[in-house]
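Listing of my_file.txt, compact mmCIF, C-alpha atoms
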# COMPACT_ATOMS: atom_id res chain seq x y z
CA ARG A 1 -20.37 9.67 28.34
CA GLU A 2 -24.10 9.64 27.82
CA LYS A 3 -25.49 6.74 25.78
CA LYS A 4 -28.42 7.29 23.48
CA THR A 5 -30.87 4.52 24.19
CA GLY A 6 -34.41 3.78 23.19
CA MET A 7 -37.26 2.73 25.45
CA ASN A 8 -36.00 -0.87 25.48
CA GLY A 9 -32.63 0.24 26.87
CA LYS A 10 -30.72 -0.66 23.70
CA LYS A 11 -28.63 1.79 21.73
CA THR A 12 -30.58 3.66 19.08
CA LYS A 13 -29.58 3.88 15.42
CA ALA A 14 -28.66 7.53 15.98
CA GLY A 15 -26.38 6.57 18.87
CA LYS A 16 -24.72 3.81 16.86
CA LYS A 17 -24.26 6.12 13.88
CA LYS A 18 -22.68 8.82 16.05
CA LYS A 19 -20.26 6.28 17.55
CA ARG A 20 -19.32 5.03 14.05
CA GLU A 21 -18.67 8.61 12.91
CA GLN A 22 -16.46 9.30 15.94
CA ARG A 23 -14.43 6.14 15.31
CA LYS A 24 -14.12 6.97 11.61
CA MET A 25 -12.68 10.41 12.39
CA SER A 26 -9.85 8.81 14.38
CA LEU A 27 -8.64 6.51 11.58
CA PRO A 28 -5.01 6.70 10.44
CA PRO A 29 -4.23 7.86 6.89
CA GLY A 30 -5.19 5.32 4.25
CA TRP A 31 -7.84 3.65 6.42
CA ASP A 32 -11.57 3.59 5.89
CA GLN A 33 -14.55 2.21 7.77
CA ALA A 34 -17.36 0.12 6.31
CA VAL A 35 -20.31 -1.92 7.51
CA ASP A 36 -20.65 -5.61 6.71
CA PRO A 37 -24.10 -5.90 5.10
CA GLY A 38 -24.64 -9.43 6.41
CA SER A 39 -23.90 -8.81 10.07
CA GLY A 40 -24.15 -5.05 10.39
CA ARG A 41 -20.73 -5.04 12.07
CA VAL A 42 -18.25 -2.27 11.41
CA PHE A 43 -14.95 -3.33 9.86
CA TYR A 44 -11.89 -1.37 8.79
CA VAL A 45 -10.19 -1.24 5.41
CA ASP A 46 -6.49 -0.48 5.11
CA HIS A 47 -6.04 0.79 1.57
CA ASN A 48 -2.26 0.90 2.13
CA THR A 49 -2.03 -2.89 2.41
CA ARG A 50 -5.35 -3.82 0.81
CA THR A 51 -6.43 -5.67 3.95
CA THR A 52 -9.41 -5.56 6.30
CA THR A 53 -9.85 -6.11 10.02
CA TRP A 54 -12.68 -6.12 12.53
CA ASP A 55 -10.44 -4.29 15.02
CA HIS A 56 -10.17 -0.52 15.00
CA PRO A 57 -6.60 0.37 13.92
CA GLY A 58 -6.10 2.24 17.18
CA GLN A 59 -6.70 -1.03 19.04
CA LEU A 60 -3.88 -2.93 17.30
CA GLN A 61 -1.15 -4.21 19.57
CA PRO A 62 2.18 -2.37 19.20
CA GLN A 63 3.85 -5.38 17.53
CA ASN A 64 0.90 -5.87 15.18
CA SER A 65 0.95 -2.15 14.47
CA ALA A 66 4.66 -2.29 13.56
CA VAL A 67 4.05 -5.27 11.26
CA HIS A 68 1.09 -3.47 9.74
CA GLU A 69 3.21 -0.37 9.11
CA ALA A 70 5.92 -2.53 7.50
CA GLN A 71 3.29 -4.13 5.25
CA ALA A 72 2.03 -0.69 4.25
CA GLN A 73 5.58 0.42 3.39
CA VAL A 74 6.20 -2.68 1.27
CA PHE A 75 2.89 -2.34 -0.59
CA GLN A 76 3.55 1.35 -1.21
CA THR A 77 6.96 0.45 -2.64
CA GLN A 78 5.34 -2.21 -4.84
CA ARG A 79 3.00 0.43 -6.25
CA GLN A 80 6.01 2.67 -6.98
CA ILE A 81 7.69 -0.21 -8.81
CA GLU A 82 4.50 -0.85 -10.80
CA GLU A 83 4.48 2.82 -11.86
CA LEU A 84 8.14 2.63 -12.84
CA GLY A 85 7.30 -0.51 -14.84
CA ARG A 86 4.72 1.51 -16.80
CA GLN A 87 7.41 4.09 -17.48
CA VAL A 88 9.73 1.31 -18.70
CA ASP A 89 6.92 0.17 -21.04
CA LEU A 90 6.65 3.69 -22.46
CA LEU A 91 10.41 3.96 -22.92
CA LEU A 92 10.52 0.64 -24.75
CA GLN A 93 7.76 1.87 -27.06
CA VAL A 94 9.80 4.99 -27.81
CA VAL A 95 12.84 2.81 -28.52
CA ALA A 96 10.86 0.62 -30.91
CA SER A 97 9.41 3.62 -32.74
CA ARG A 98 12.75 5.46 -32.80
CA ALA A 99 10.74 8.60 -31.97
CA GLU A 100 13.51 10.19 -29.91
CA PRO A 101 17.27 10.55 -30.35
CA PRO A 102 19.41 7.82 -28.77
CA ALA A 103 20.99 10.25 -26.29
CA ALA A 104 17.58 11.21 -24.86
CA ILE A 105 16.51 7.58 -24.68
CA ASN A 106 19.72 6.58 -22.92
CA LYS A 107 19.33 9.43 -20.42
CA ARG A 108 15.80 8.27 -19.56
CA ARG A 109 17.00 4.64 -19.33
CA LEU A 110 19.67 5.66 -16.82
CA GLU A 111 17.11 7.68 -14.81
CA LEU A 112 14.71 4.73 -14.63
CA ASN A 113 17.55 2.39 -13.73
CA GLU A 114 18.53 4.68 -10.84
CA LEU A 115 14.94 5.09 -9.64
CA LEU A 116 14.35 1.34 -9.67
CA THR A 117 17.62 0.68 -7.86
CA ARG A 118 16.85 3.29 -5.19
CA THR A 119 13.34 1.93 -4.75
CA GLU A 120 14.73 -1.57 -4.41
CA LEU A 121 17.19 -0.37 -1.76
CA THR A 122 14.39 1.17 0.33
CA LEU A 123 13.05 -2.34 0.79
CA ASP A 124 16.22 -3.27 2.70
CA ASN A 125 15.34 -0.64 5.31
CA ILE A 126 11.90 -2.11 6.05
CA ASP A 127 12.03 -4.26 9.19
CA SER A 128 9.82 -7.34 8.87
CA HIS A 129 9.37 -7.52 12.69
CA GLY A 130 9.54 -11.30 12.32
CA SER A 131 6.56 -11.45 9.96
CA ASP A 132 6.80 -14.03 7.18
CA HIS A 133 4.11 -12.11 5.32
CA VAL A 134 6.23 -8.94 5.29
CA ARG A 135 9.31 -10.92 4.22
CA ALA A 136 7.39 -12.54 1.34
CA ALA A 137 5.91 -9.22 0.19
CA ARG A 138 9.35 -7.59 0.38
CA LYS A 139 10.87 -10.41 -1.71
CA GLN A 140 8.05 -10.07 -4.24
CA ALA A 141 8.73 -6.33 -4.52
CA ILE A 142 12.46 -6.96 -5.01
CA ASP A 143 11.65 -9.49 -7.75
CA MET A 144 9.38 -6.92 -9.42
CA ALA A 145 12.16 -4.32 -9.41
CA GLU A 146 14.71 -6.85 -10.71
CA LYS A 147 12.38 -7.76 -13.57
CA GLN A 148 12.08 -4.11 -14.62
CA LEU A 149 15.86 -3.60 -14.33
CA ALA A 150 16.41 -6.68 -16.53
CA ARG A 151 13.97 -5.30 -19.11
CA LEU A 152 15.93 -2.05 -19.21
CA LYS A 153 19.25 -3.86 -19.50
CA GLY A 154 18.03 -6.30 -22.17
CA ALA A 155 16.46 -3.70 -24.42
CA GLN A 156 18.37 -2.62 -27.51
CA PHE A 157 19.08 1.09 -27.13
Have the structure of the file written as structure tokens, please.
Amino acid sequence: REKKTGMNGKKTKAGKKKKREQRKMSLPPGWDQAVDPGSGRVFYVDHNTRTTTWDHPGQLQPQNSAVHEAQAQVFQTQRQIEELGRQVDLLLQVVASRAEPPAAINKRRLELNELLTRTELTLDNIDSHGSDHVRAARKQAIDMAEKQLARLKGAQF
């Protein structure tokens, strides 16, 4: 591979930019690349887990990669639970306003209950790979789902 260098033998800005673009193209889904303004170093943003790292995701060790994937799965499930929570909010508003017939409200309540339960069960299939961080995030997601299920159960339909 030919390096683009200036007269002083150091890499040129064009060479550095090309290398950054090549590395950016090889990022996994949900990842982005940025430059730290203070140091000029490239770092990587995992939008799946809302974390950053100096290491290119392709350079992660297999165990770290498995933990990282587990974290991404847990955070994705948490976002699904948050969305279901918003749907529970809307349903409770409909209940309070009595804008829909009880049969329709009960049908939607049962649907949300099933979706939350299924989402909660997917968390059981996520291997923590020994990571306390993954275990804690998984427990937090389960607690979030349980809270929404309790809201559905406690509401007067």
Between CA of Leu110 in chain A and CA of Ala96 in chain A, what is the spacing in Å?
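Spanning CA of Ala96 in chain A to CA of Leu110 in chain A is a straight-line distance of 17.4 Å.
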For range 25-34 of chain A, find every residue with an atom within 10 Å (counting only C-alpha atoms), except residues of its own chain fewer than 2 positions away, and show them as a list in words.
Arg20, Glu21, Gln22, Arg23, Asp36, Pro37, Gly40, Arg41, Val42, Phe43, Tyr44, Val45, Asp46, His47, Asn48, Thr49, Arg50, Thr51, Thr52, Thr53, Trp54, His56, Pro57, Gly58 and Ala72 of chain A
Exercise: Asp127 in chain A partners within 9 Å, only C-alpha atoms, chain neighbours under 3 positions left out, as a list in words:
Ala66, Val67, Ala70, Leu123, Asp124, Gly130, Val134 and Arg135 of chain A
Two-atom distance - CA of Gln140 in chain A, CA of Arg118 in chain A (Å):
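One can read the CA of Gln140 in chain A to CA of Arg118 in chain A distance as 16.0 Å.
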Enter the distance from CA of Asn125 in chain A to CA of Arg108 in chain A, in Å, rounded to one decimal.
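Atom-to-atom, CA of Asn125 in chain A and CA of Arg108 in chain A are spaced 26.4 Å apart.
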Would you please work out which residue, of A:Ser131, A:Val95, A:Leu116, A:Ala136, is nearest to Arg79 in chain A when using all atoms listed in the file?
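Answer, going by the shortest atom-to-atom distance: A:Leu116.
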Would you place a box with edges along x, y and z of the file around all atoms of range 27-34 of chain A listed there, add 3 Å to each of its six sides, and report the centre and edge lengths in Å to one decimal, as lines of an AutoDock Vina configuration file?
center_x = -10.8
center_y = 4.0
center_z = 7.9
size_x = 19.1
size_y = 13.7
size_z = 13.3
Within 9 Å of Glu120 in chain A using only C-alpha atoms, minus same-chain residues under 3 positions, as a list in words:
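Once the nearby chain positions are removed, what remains is Thr77, Ile81, Leu115, Leu116, Thr117, Leu123, Asp124, Ala141, Ile142, Ala145 and Glu146 of chain A.
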Around the point (6.5, -7.3, -3.5) (coordinates from the file), which residues reach within 7 Å if we count all atoms listed in the file? Answer as a PyMOL selection string.
chain A and resi 74-75+78+137-142+144
With distances taken over all atoms listed in the file, the candidate from A:Ser65, A:Thr119, A:Gln76, A:Asn106 nearest Leu91 in chain A is A:Asn106
Would you mind telling me which residue in A:His129, A:Lys107, A:His68, A:Arg151 lies nearest to Asp89 in chain A when using only C-alpha atoms?
A:Arg151
